[in-house]
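**Q** Take this structure first; my questions come after.
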Amino acid sequence: MLIFTFRRFGLALLILIVAVTTMFLMIRAVPGDPVQIMLGPRATPELQARLTAELALDQPIWKQLAIFYGNLLQGDLGTDVFSGRSVTEIVFQQLPHTLWLILSSIIWSATLGIALGSYAAAHPNTVIDRITAAISVSFVAAPAFVVALLSLLIFAVNLQWFPAIGAGEGFWGRLNHLVLPAFAIGLSWVGYIARLVRASMLEVMGEPHIRTARAFGLSERRVVMIYALRIAILPVVTVIGVGMGFLLSSAVFAEIVFARPGLGKLVIDSITTRNYPIVMGSVLISTGLFVVSTALADLINAWLDPRARAAV
Amino acid sequence: MSDTLLEIDRLSVDYETARGDLKALRDISFDIRKGEIVGIVGESGCGKSTLISSILRLTAPNTRFRKGEVRFKGQDLLQLPEHKMRDLRGADISIVFQDPMQTHNPVLSIGQQMLDIQHRSQAGKVEKRARAAQMLGAVGIPDPEARLEQFPHEFSGGMRQRIAIAMALMSEPDLLIADEPTTALDATLEVQIIERLQELQQELDCAILFISHHLGVIAELCDRVVVMYTGAVVESGDVREIFHDPKHPYTRRLIDCDPGHIKERARVLPTIPGEVPDLANLPGGCIFRDRCDQAVPRCASEVPPLSKLKEGHHAACWLNHEEVHQ
């Protein structure tokens, strides 16, 4: 298990390096001179030349990359061109908002999805199963931005149960502000996870080792909860790990629709102003988040399933 | 008979399907006495698996028990409430399944699984572990203490089947059902497993219902044998009797087809021509008629009863009835 952990995180680091380098090169391929956009049309050539030198944009691309990685190792993501503040500071200020949004979305949707899926699998082809199927599929089919706008209209504007915009203050205030965006992002995941758990559970329940467990007189509860669910949950863990990437992109529009602070909003704002250091910093953190979550999913799977420990 | 352990009495089982009812078992009758080894032979699809899942009542949801009784120590298992039935499973009746690669839970250690199946025992965890290790030792797993920590995928097929046997015998059951336990293993392993099973059977004095399509193993191991064809018993009796003087054409053909019985080098291995009839749409008369080379007119019109030829030898064939030959 320890060897597996080291190897898995080694792989994660490699993925991170490739992803960050690609991002670095891609953002420089976007047309438009960042210096001109930042300084506006009335800047003097001297000022433009100074900023270009400051951002090391006059250097060859490989040298820019080397400087970037050198700073990165020291935890320095550069400085914001406008405010002059440290990018690391700005990004880490926004990160918790996004992190809480993603985590609360995944927790509520996974809990409900696993419960619905297991219940449907325990009663296959009954009316209850059909109803859960219909609900799940419509949840999956509902685009998150539609859910976001509708829930905003119904629960915030008409019913006024939850606040419409912002992030709130204090624990309860923040939680209250989280409900609608987390609902909007998580809804389609409920349906998706429910369908996945049902299929996976039905498959496992048909496997010979379940019959063995029953043939030894183990209680049905133990058979389902320990012998079957532990296997049926494996694909769900993987999907959630990979799903962090989708959730990060969902968070971008949720933050815009609900006018929440967060990583997504920061990236969008910075891209429109060609604020390279902030874009790079945010993307780097998002990528890191994604790589870490897939690695964590693999670790959880390896803990649940001894056969997976041999892989990687 | 007071020493009868399991008595299957005119058991008929159907599977409800979209095509109509599949008659998986028809009028099955045989019994197993205490400490006896009874073999069941027959081609794939003859109802062997349905029979054992019916005994344990671990059948698919579309199974319908139409008729008959499964009496275990005089008690009809088909009438037992589910919780009472569960008390019997793995305690009085144990089973070793066919495929050792699939029979254990892949994500739990062997020790954990062997501990779990002792759920009825009042013993402490340490005691249960010791018992598990002792059983692994008894089936010939070296270094059992350490191997309890391991997971099924860390064992070979032969070892896994030994573990399955150890698990089945741990509760010292009165009846062990062995569903083709050696079919998935190679020949040398088969001999080892059979020998070990024989030793343990004598030690624990449990009865065994041994299902196989390998006649050699049946002849070696069993006291009595039941020959099944498309869900019905066609012949049953003492092993020696059946192998030396089979009274049903199907049994005779089955013995002829066994590679162990073919003396000369044959260019083509013998087979039984024809196909097994459709269980949803059984023809009238004798079910083996279409594949039988000795069929007489009566076979087409009447189902031959399983009649007693002599003490402990039954067969269902009109050829054994005097009036046919006259």
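Quick note on naming: the chains in the structure tokens go A, B, ... in the order shown, residues restart at 1 in each chain, and ligands are numbered from 1 in order of appearance.
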Sort by chain and increasing residue number a table of all residues of chain A within 8 Å of chain B, each with its closest pair of atoms and their distance in Å to one decimal, counting only C-alpha atoms, and write it as a tab-separated table.

**A**
residue	atom	partner	partner_atom	distance
A:Glu207	CA	B:Gln102	CA	7.6
A:Pro208	CA	B:Thr103	CA	5.6
A:His209	CA	B:Thr103	CA	4.4
A:Ile210	CA	B:Asn105	CA	7.4
A:Arg211	CA	B:Leu58	CA	7.6
A:Thr212	CA	B:Thr103	CA	6.2
A:Ala213	CA	B:Ile117	CA	7.9
A:Arg214	CA	B:Arg89	CA	7.8
A:Ala215	CA	B:Arg89	CA	5.5
A:Phe216	CA	B:Gly90	CA	3.9
A:Gly217	CA	B:Arg86	CA	4.8
A:Leu218	CA	B:Ile117	CA	6.9
A:Tyr227	CA	B:Asn105	CA	6.8
A:Arg230	CA	B:Val107	CA	7.6
A:Ile231	CA	B:Val107	CA	7.1
A:Leu304	CA	B:Val107	CA	6.8
A:Asp305	CA	B:Val107	CA	5.0
A:Pro306	CA	B:Val107	CA	5.9
A:Arg307	CA	B:His153	CA	7.1

**Q** Leaving out region 133-142 of chain B and any residue of its chain fewer than 2 positions from it, which residues lie within 10 Å of it when counting only C-alpha atoms, given as a PyMOL selection string?

**A** chain B and resi 111+114+127-131+144-148+159-170+192-193+196-197+199-200

**Q** If you run DSSP on the backbone, which residues of region 27-187 of chain A are alpha helix (DSSP H), as an MDAnalysis selection string?

**A** chainID A and resid 27:29 34:39 45:54 61:73 87:122 127:141 144:151 170:187

**Q** Residues of the last selection are to be written out with C-alpha atoms, as a tab-separated table (two decimals), in the first residue's frame.

**A**
chain	number	residue	atom	x	y	z
A	27	ILE	CA	-1.66	30.58	-23.29
A	28	ARG	CA	1.25	32.13	-25.16
A	29	ALA	CA	-0.23	30.91	-28.45
A	34	PRO	CA	-0.67	41.18	-23.39
A	35	VAL	CA	1.39	44.31	-22.73
A	36	GLN	CA	-0.77	46.42	-25.06
A	37	ILE	CA	-3.98	45.12	-23.47
A	38	MET	CA	-2.75	45.71	-19.96
A	39	LEU	CA	-1.45	49.20	-20.54
A	45	PRO	CA	6.77	52.66	-26.07
A	46	GLU	CA	9.16	53.02	-23.08
A	47	LEU	CA	6.48	51.86	-20.64
A	48	GLN	CA	5.60	48.95	-22.95
A	49	ALA	CA	9.23	47.94	-23.19
A	50	ARG	CA	9.63	48.04	-19.40
A	51	LEU	CA	6.60	45.80	-18.76
A	52	THR	CA	7.69	43.40	-21.48
A	53	ALA	CA	11.04	43.04	-19.78
A	54	GLU	CA	9.38	42.71	-16.38
A	61	ILE	CA	9.98	30.71	-24.81
A	62	TRP	CA	12.12	27.98	-23.16
A	63	LYS	CA	13.75	30.59	-20.96
A	64	GLN	CA	10.32	31.93	-19.95
A	65	LEU	CA	9.36	28.37	-19.01
A	66	ALA	CA	12.55	27.94	-16.98
A	67	ILE	CA	11.92	31.19	-15.11
A	68	PHE	CA	8.32	30.13	-14.46
A	69	TYR	CA	9.32	26.75	-13.01
A	70	GLY	CA	12.11	28.34	-10.98
A	71	ASN	CA	9.64	30.70	-9.34
A	72	LEU	CA	7.08	27.95	-8.94
A	73	LEU	CA	9.46	25.87	-6.85
A	87	VAL	CA	-0.67	35.80	-7.32
A	88	THR	CA	-0.24	33.01	-4.78
A	89	GLU	CA	-2.04	35.15	-2.26
A	90	ILE	CA	-4.90	36.06	-4.63
A	91	VAL	CA	-5.42	32.49	-5.79
A	92	PHE	CA	-5.37	31.00	-2.30
A	93	GLN	CA	-7.81	33.65	-1.19
A	94	GLN	CA	-10.31	32.48	-3.82
A	95	LEU	CA	-9.57	28.77	-3.58
A	96	PRO	CA	-11.58	27.94	-0.41
A	97	HIS	CA	-14.82	29.25	-1.95
A	98	THR	CA	-14.48	26.95	-4.95
A	99	LEU	CA	-13.27	24.04	-2.83
A	100	TRP	CA	-16.28	24.25	-0.51
A	101	LEU	CA	-18.62	24.52	-3.45
A	102	ILE	CA	-17.20	21.41	-5.12
A	103	LEU	CA	-17.00	19.39	-1.93
A	104	SER	CA	-20.53	20.16	-0.81
A	105	SER	CA	-21.86	19.37	-4.30
A	106	ILE	CA	-20.11	16.02	-4.41
A	107	ILE	CA	-21.01	15.05	-0.85
A	108	TRP	CA	-24.73	15.61	-1.17
A	109	SER	CA	-24.99	14.17	-4.65
A	110	ALA	CA	-22.90	11.07	-3.88
A	111	THR	CA	-24.81	10.33	-0.67
A	112	LEU	CA	-28.19	10.62	-2.36
A	113	GLY	CA	-27.02	8.91	-5.54
A	114	ILE	CA	-25.54	5.89	-3.75
A	115	ALA	CA	-28.65	5.52	-1.59
A	116	LEU	CA	-31.01	5.76	-4.58
A	117	GLY	CA	-28.90	3.40	-6.69
A	118	SER	CA	-28.56	0.76	-3.96
A	119	TYR	CA	-32.26	0.93	-3.25
A	120	ALA	CA	-33.12	0.53	-6.93
A	121	ALA	CA	-30.70	-2.40	-7.25
A	122	ALA	CA	-32.26	-4.11	-4.24
A	127	VAL	CA	-42.28	0.37	-9.74
A	128	ILE	CA	-39.84	2.02	-7.32
A	129	ASP	CA	-36.95	1.07	-9.57
A	130	ARG	CA	-38.68	2.56	-12.62
A	131	ILE	CA	-39.48	5.79	-10.77
A	132	THR	CA	-35.87	6.17	-9.59
A	133	ALA	CA	-34.72	5.49	-13.14
A	134	ALA	CA	-37.00	8.18	-14.55
A	135	ILE	CA	-35.91	10.71	-11.92
A	136	SER	CA	-32.21	9.86	-12.35
A	137	VAL	CA	-32.29	10.18	-16.11
A	138	SER	CA	-34.08	13.53	-16.00
A	139	PHE	CA	-31.52	14.74	-13.44
A	140	VAL	CA	-28.70	13.71	-15.75
A	141	ALA	CA	-30.38	15.34	-18.73
A	144	ALA	CA	-26.58	22.58	-14.84
A	145	PHE	CA	-26.92	26.18	-16.09
A	146	VAL	CA	-30.68	25.71	-16.55
A	147	VAL	CA	-30.97	24.21	-13.07
A	148	ALA	CA	-28.91	27.10	-11.73
A	149	LEU	CA	-31.08	29.79	-13.32
A	150	LEU	CA	-34.36	28.05	-12.43
A	151	SER	CA	-33.38	27.44	-8.83
A	170	GLY	CA	-19.74	33.40	9.05
A	171	PHE	CA	-20.31	29.65	9.00
A	172	TRP	CA	-24.12	29.65	8.67
A	173	GLY	CA	-24.10	32.53	6.23
A	174	ARG	CA	-21.63	30.72	4.01
A	175	LEU	CA	-23.57	27.48	4.25
A	176	ASN	CA	-26.78	29.29	3.35
A	177	HIS	CA	-25.11	30.79	0.30
A	178	LEU	CA	-23.75	27.39	-0.71
A	179	VAL	CA	-27.13	25.64	-0.95
A	180	LEU	CA	-28.33	26.85	-4.35
A	181	PRO	CA	-25.05	26.63	-6.29
A	182	ALA	CA	-24.26	23.21	-4.77
A	183	PHE	CA	-27.77	22.06	-5.66
A	184	ALA	CA	-27.36	23.27	-9.25
A	185	ILE	CA	-23.99	21.61	-9.76
A	186	GLY	CA	-24.80	18.39	-7.90
A	187	LEU	CA	-28.22	17.58	-9.34

**Q** Got a sec: who's within 12 Å of Thr272 (chain A), counting only C-alpha atoms, leaving out chain neighbours fewer than 4 positions off, as JSON, numbers by chain?

**A** {"A": [30, 32, 34, 37, 38, 265, 266, 267, 268, 276, 278, 279]}

**Q** Quick one: of B:Asp256, B:Glu69, B:Asp9, B:Asp205, who's nearest to Glu172 (chain B), counting only C-alpha atoms?

**A**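 Answer, going by the shortest atom-to-atom distance: B:Asp205.
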
**Q** To one decimal in Å, tell me the separation between CA of Phe290 (chain A) and CA of Leu234 (chain A).

**A**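 Separation between CA of Phe290 (chain A) and CA of Leu234 (chain A): 18.5 Å.
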
**Q** Calculated over only C-alpha atoms, which of the candidates A:Met225, A:Val291, A:Met23, A:Ala297 has the smallest distance to Val239 (chain A)?

**A**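 So, comparing all the options, the nearest one is A:Ala297.
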
**Q** Set the distance at 12 Å and use only C-alpha atoms: which residues neighbour Leu289 (chain A) once local chain neighbours fewer than 3 positions away are removed? I'd like the list as a ChimeraX atom specification.

**A** /A:12-13,15-16,95-96,98-99,102-103,241-248,263,282-286,292-296

**Q** Would you mind exporting the chosen residues as an mmCIF file, in the first residue's frame, restricted to N, CA and C atoms?

**A**
data_model
loop_
_atom_site.group_PDB
_atom_site.id
_atom_site.type_symbol
_atom_site.label_atom_id
_atom_site.label_comp_id
_atom_site.auth_asym_id
_atom_site.auth_seq_id
_atom_site.Cartn_x
_atom_site.Cartn_y
_atom_site.Cartn_z
ATOM 1 N N ALA A 12 1.258 11.268 -10.407
ATOM 2 C CA ALA A 12 0.492 12.511 -10.321
ATOM 3 C C ALA A 12 1.387 13.712 -10.613
ATOM 4 N N LEU A 13 2.598 13.699 -10.072
ATOM 5 C CA LEU A 13 3.540 14.797 -10.276
ATOM 6 C C LEU A 13 3.903 14.939 -11.758
ATOM 7 N N ILE A 15 2.108 13.971 -14.328
ATOM 8 C CA ILE A 15 0.934 14.494 -15.034
ATOM 9 C C ILE A 15 0.858 16.006 -14.853
ATOM 10 N N LEU A 16 1.114 16.441 -13.632
ATOM 11 C CA LEU A 16 1.041 17.860 -13.316
ATOM 12 C C LEU A 16 2.037 18.663 -14.156
ATOM 13 N N LEU A 95 -9.479 30.236 -3.530
ATOM 14 C CA LEU A 95 -9.569 28.773 -3.577
ATOM 15 C C LEU A 95 -10.598 28.182 -2.615
ATOM 16 N N PRO A 96 -10.637 28.585 -1.335
ATOM 17 C CA PRO A 96 -11.579 27.941 -0.405
ATOM 18 C C PRO A 96 -13.028 28.003 -0.869
ATOM 19 N N THR A 98 -14.273 27.971 -3.927
ATOM 20 C CA THR A 98 -14.483 26.945 -4.947
ATOM 21 C C THR A 98 -14.429 25.549 -4.339
ATOM 22 N N LEU A 99 -13.455 25.352 -3.462
ATOM 23 C CA LEU A 99 -13.275 24.044 -2.834
ATOM 24 C C LEU A 99 -14.523 23.632 -2.066
ATOM 25 N N ILE A 102 -17.362 22.728 -4.500
ATOM 26 C CA ILE A 102 -17.204 21.413 -5.119
ATOM 27 C C ILE A 102 -17.460 20.298 -4.105
ATOM 28 N N LEU A 103 -16.865 20.441 -2.934
ATOM 29 C CA LEU A 103 -17.001 19.388 -1.930
ATOM 30 C C LEU A 103 -18.451 19.199 -1.506
ATOM 31 N N GLY A 241 -13.552 10.927 -8.690
ATOM 32 C CA GLY A 241 -12.191 11.449 -8.794
ATOM 33 C C GLY A 241 -11.982 12.200 -10.100
ATOM 34 N N VAL A 242 -12.370 11.562 -11.187
ATOM 35 C CA VAL A 242 -12.234 12.196 -12.496
ATOM 36 C C VAL A 242 -13.229 13.356 -12.618
ATOM 37 N N GLY A 243 -14.394 13.193 -11.999
ATOM 38 C CA GLY A 243 -15.455 14.191 -12.063
ATOM 39 C C GLY A 243 -15.060 15.531 -11.473
ATOM 40 N N MET A 244 -14.003 15.552 -10.650
ATOM 41 C CA MET A 244 -13.535 16.813 -10.086
ATOM 42 C C MET A 244 -13.214 17.827 -11.177
ATOM 43 N N GLY A 245 -12.725 17.329 -12.298
ATOM 44 C CA GLY A 245 -12.433 18.209 -13.425
ATOM 45 C C GLY A 245 -13.696 18.870 -13.955
ATOM 46 N N PHE A 246 -14.752 18.056 -14.114
ATOM 47 C CA PHE A 246 -16.030 18.592 -14.579
ATOM 48 C C PHE A 246 -16.605 19.555 -13.555
ATOM 49 N N LEU A 247 -16.452 19.179 -12.291
ATOM 50 C CA LEU A 247 -16.995 20.027 -11.239
ATOM 51 C C LEU A 247 -16.297 21.389 -11.235
ATOM 52 N N LEU A 248 -14.984 21.383 -11.515
ATOM 53 C CA LEU A 248 -14.255 22.650 -11.567
ATOM 54 C C LEU A 248 -14.814 23.541 -12.665
ATOM 55 N N LEU A 263 -12.352 30.492 -7.757
ATOM 56 C CA LEU A 263 -11.311 30.284 -8.743
ATOM 57 C C LEU A 263 -11.842 30.502 -10.168
ATOM 58 N N SER A 282 -4.093 30.296 -11.411
ATOM 59 C CA SER A 282 -5.373 29.622 -11.160
ATOM 60 C C SER A 282 -5.421 28.266 -11.851
ATOM 61 N N VAL A 283 -4.977 28.258 -13.109
ATOM 62 C CA VAL A 283 -5.006 26.998 -13.854
ATOM 63 C C VAL A 283 -4.107 25.973 -13.188
ATOM 64 N N LEU A 284 -2.965 26.434 -12.722
ATOM 65 C CA LEU A 284 -2.036 25.537 -12.051
ATOM 66 C C LEU A 284 -2.685 24.891 -10.827
ATOM 67 N N ILE A 285 -3.364 25.725 -10.041
ATOM 68 C CA ILE A 285 -4.006 25.202 -8.832
ATOM 69 C C ILE A 285 -5.150 24.248 -9.192
ATOM 70 N N SER A 286 -5.944 24.639 -10.223
ATOM 71 C CA SER A 286 -7.040 23.753 -10.652
ATOM 72 C C SER A 286 -6.508 22.416 -11.116
ATOM 73 N N VAL A 292 -4.634 15.699 -7.918
ATOM 74 C CA VAL A 292 -4.665 15.158 -6.564
ATOM 75 C C VAL A 292 -5.953 14.350 -6.337
ATOM 76 N N SER A 293 -7.077 14.848 -6.871
ATOM 77 C CA SER A 293 -8.334 14.131 -6.614
ATOM 78 C C SER A 293 -8.375 12.793 -7.340
ATOM 79 N N THR A 294 -7.825 12.728 -8.561
ATOM 80 C CA THR A 294 -7.798 11.417 -9.228
ATOM 81 C C THR A 294 -6.846 10.465 -8.487
ATOM 82 N N ALA A 295 -5.726 11.002 -8.005
ATOM 83 C CA ALA A 295 -4.795 10.162 -7.255
ATOM 84 C C ALA A 295 -5.452 9.660 -5.966
ATOM 85 N N LEU A 296 -6.200 10.545 -5.294
ATOM 86 C CA LEU A 296 -6.896 10.153 -4.071
ATOM 87 C C LEU A 296 -7.926 9.064 -4.355
#

**Q** Within region 4-122 of chain B, find each residue whose DSSP state, derived from the backbone, is strand (DSSP E), and express the selection as a VMD selection string.

**A** chain B and resid 4 to 17 20 to 33 37 to 41 63 to 72 75 to 76 93 to 96

**Q** Please provide the set of residues having any atom within 7 Å of region 211-226 of chain B, restricted to only C-alpha atoms, with same-chain residues fewer than 4 positions apart removed, written as an mmCIF file with N, CA, C and O atoms, in the first residue's frame.

**A**
data_model
loop_
_atom_site.group_PDB
_atom_site.id
_atom_site.type_symbol
_atom_site.label_atom_id
_atom_site.label_comp_id
_atom_site.auth_asym_id
_atom_site.auth_seq_id
_atom_site.Cartn_x
_atom_site.Cartn_y
_atom_site.Cartn_z
ATOM 1 N N GLU B 36 -22.825 -41.065 3.757
ATOM 2 C CA GLU B 36 -22.731 -41.709 2.452
ATOM 3 C C GLU B 36 -22.295 -40.700 1.384
ATOM 4 O O GLU B 36 -22.577 -39.516 1.501
ATOM 5 N N ILE B 37 -21.621 -41.186 0.345
ATOM 6 C CA ILE B 37 -21.288 -40.296 -0.765
ATOM 7 C C ILE B 37 -22.116 -40.685 -1.984
ATOM 8 O O ILE B 37 -22.018 -41.807 -2.471
ATOM 9 N N VAL B 38 -22.949 -39.751 -2.408
ATOM 10 C CA VAL B 38 -23.804 -40.008 -3.558
ATOM 11 C C VAL B 38 -23.368 -39.101 -4.702
ATOM 12 O O VAL B 38 -23.171 -37.905 -4.511
ATOM 13 N N GLY B 39 -23.188 -39.691 -5.864
ATOM 14 C CA GLY B 39 -22.778 -38.901 -7.023
ATOM 15 C C GLY B 39 -23.957 -38.615 -7.938
ATOM 16 O O GLY B 39 -24.884 -39.417 -8.024
ATOM 17 N N ILE B 40 -23.921 -37.450 -8.577
ATOM 18 C CA ILE B 40 -24.920 -37.152 -9.603
ATOM 19 C C ILE B 40 -24.182 -36.893 -10.906
ATOM 20 O O ILE B 40 -23.270 -36.067 -10.954
ATOM 21 N N VAL B 41 -24.537 -37.655 -11.951
ATOM 22 C CA VAL B 41 -23.914 -37.439 -13.262
ATOM 23 C C VAL B 41 -24.963 -37.015 -14.269
ATOM 24 O O VAL B 41 -26.129 -37.367 -14.145
ATOM 25 N N GLY B 42 -24.494 -36.347 -15.285
ATOM 26 C CA GLY B 42 -25.389 -35.936 -16.356
ATOM 27 C C GLY B 42 -24.735 -34.856 -17.171
ATOM 28 O O GLY B 42 -23.782 -34.213 -16.738
ATOM 29 N N GLU B 43 -25.239 -34.665 -18.400
ATOM 30 C CA GLU B 43 -24.683 -33.627 -19.278
ATOM 31 C C GLU B 43 -24.991 -32.245 -18.727
ATOM 32 O O GLU B 43 -25.854 -32.095 -17.861
ATOM 33 N N ALA B 178 -21.023 -30.895 -3.181
ATOM 34 C CA ALA B 178 -19.859 -30.505 -3.978
ATOM 35 C C ALA B 178 -20.287 -30.411 -5.434
ATOM 36 O O ALA B 178 -20.594 -31.418 -6.066
ATOM 37 N N ASP B 179 -20.378 -29.185 -5.940
ATOM 38 C CA ASP B 179 -20.863 -28.950 -7.299
ATOM 39 C C ASP B 179 -19.690 -28.893 -8.262
ATOM 40 O O ASP B 179 -19.068 -27.856 -8.430
ATOM 41 N N GLU B 180 -19.395 -30.003 -8.895
ATOM 42 C CA GLU B 180 -18.264 -30.122 -9.819
ATOM 43 C C GLU B 180 -17.022 -29.427 -9.280
ATOM 44 O O GLU B 180 -16.462 -28.550 -9.929
ATOM 45 N N VAL B 233 -34.440 -38.250 -13.247
ATOM 46 C CA VAL B 233 -33.530 -39.343 -12.917
ATOM 47 C C VAL B 233 -33.838 -40.486 -13.873
ATOM 48 O O VAL B 233 -34.990 -40.907 -13.993
ATOM 49 N N GLU B 235 -31.580 -43.293 -14.014
ATOM 50 C CA GLU B 235 -31.106 -44.511 -13.368
ATOM 51 C C GLU B 235 -30.418 -44.145 -12.067
ATOM 52 O O GLU B 235 -29.785 -43.092 -11.967
ATOM 53 N N SER B 236 -30.558 -45.003 -11.071
ATOM 54 C CA SER B 236 -29.829 -44.761 -9.842
ATOM 55 C C SER B 236 -29.510 -46.091 -9.182
ATOM 56 O O SER B 236 -30.221 -47.075 -9.383
ATOM 57 N N GLY B 237 -28.430 -46.119 -8.430
ATOM 58 C CA GLY B 237 -28.081 -47.363 -7.759
ATOM 59 C C GLY B 237 -26.655 -47.364 -7.267
ATOM 60 O O GLY B 237 -25.955 -46.347 -7.319
ATOM 61 N N ASP B 238 -26.230 -48.523 -6.832
ATOM 62 C CA ASP B 238 -24.890 -48.736 -6.345
ATOM 63 C C ASP B 238 -23.876 -48.445 -7.471
ATOM 64 O O ASP B 238 -24.110 -48.802 -8.621
ATOM 65 N N VAL B 239 -22.771 -47.797 -7.133
ATOM 66 C CA VAL B 239 -21.807 -47.387 -8.166
ATOM 67 C C VAL B 239 -21.339 -48.572 -9.004
ATOM 68 O O VAL B 239 -21.348 -48.530 -10.234
ATOM 69 N N ASP B 258 -17.028 -41.964 -21.986
ATOM 70 C CA ASP B 258 -16.014 -41.509 -21.033
ATOM 71 C C ASP B 258 -14.623 -41.877 -21.533
ATOM 72 O O ASP B 258 -14.351 -43.039 -21.804
ATOM 73 N N GLY B 260 -11.920 -42.393 -20.213
ATOM 74 C CA GLY B 260 -11.247 -43.416 -19.412
ATOM 75 C C GLY B 260 -11.628 -44.825 -19.817
ATOM 76 O O GLY B 260 -10.910 -45.789 -19.545
#

**Q** At what distance in Å, to one decimal, does CA of Asn320 (chain B) lie from CA of Ser301 (chain B)?

**A** 16.5 Å

**Q** Nearest to Asp33 (chain A): which of A:Arg8, A:Gly281, A:Ala254, A:Leu57 is it, counting only C-alpha atoms?

**A**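 Counting only C-alpha atoms, the residue closest to Asp33 (chain A) is A:Leu57.
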
**Q** Would you mind reading off the distance between CA of Arg71 (chain B) and CA of Leu6 (chain B), one decimal, in Å?

**A**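 Computing it gives 5.7 Å between the two atoms.
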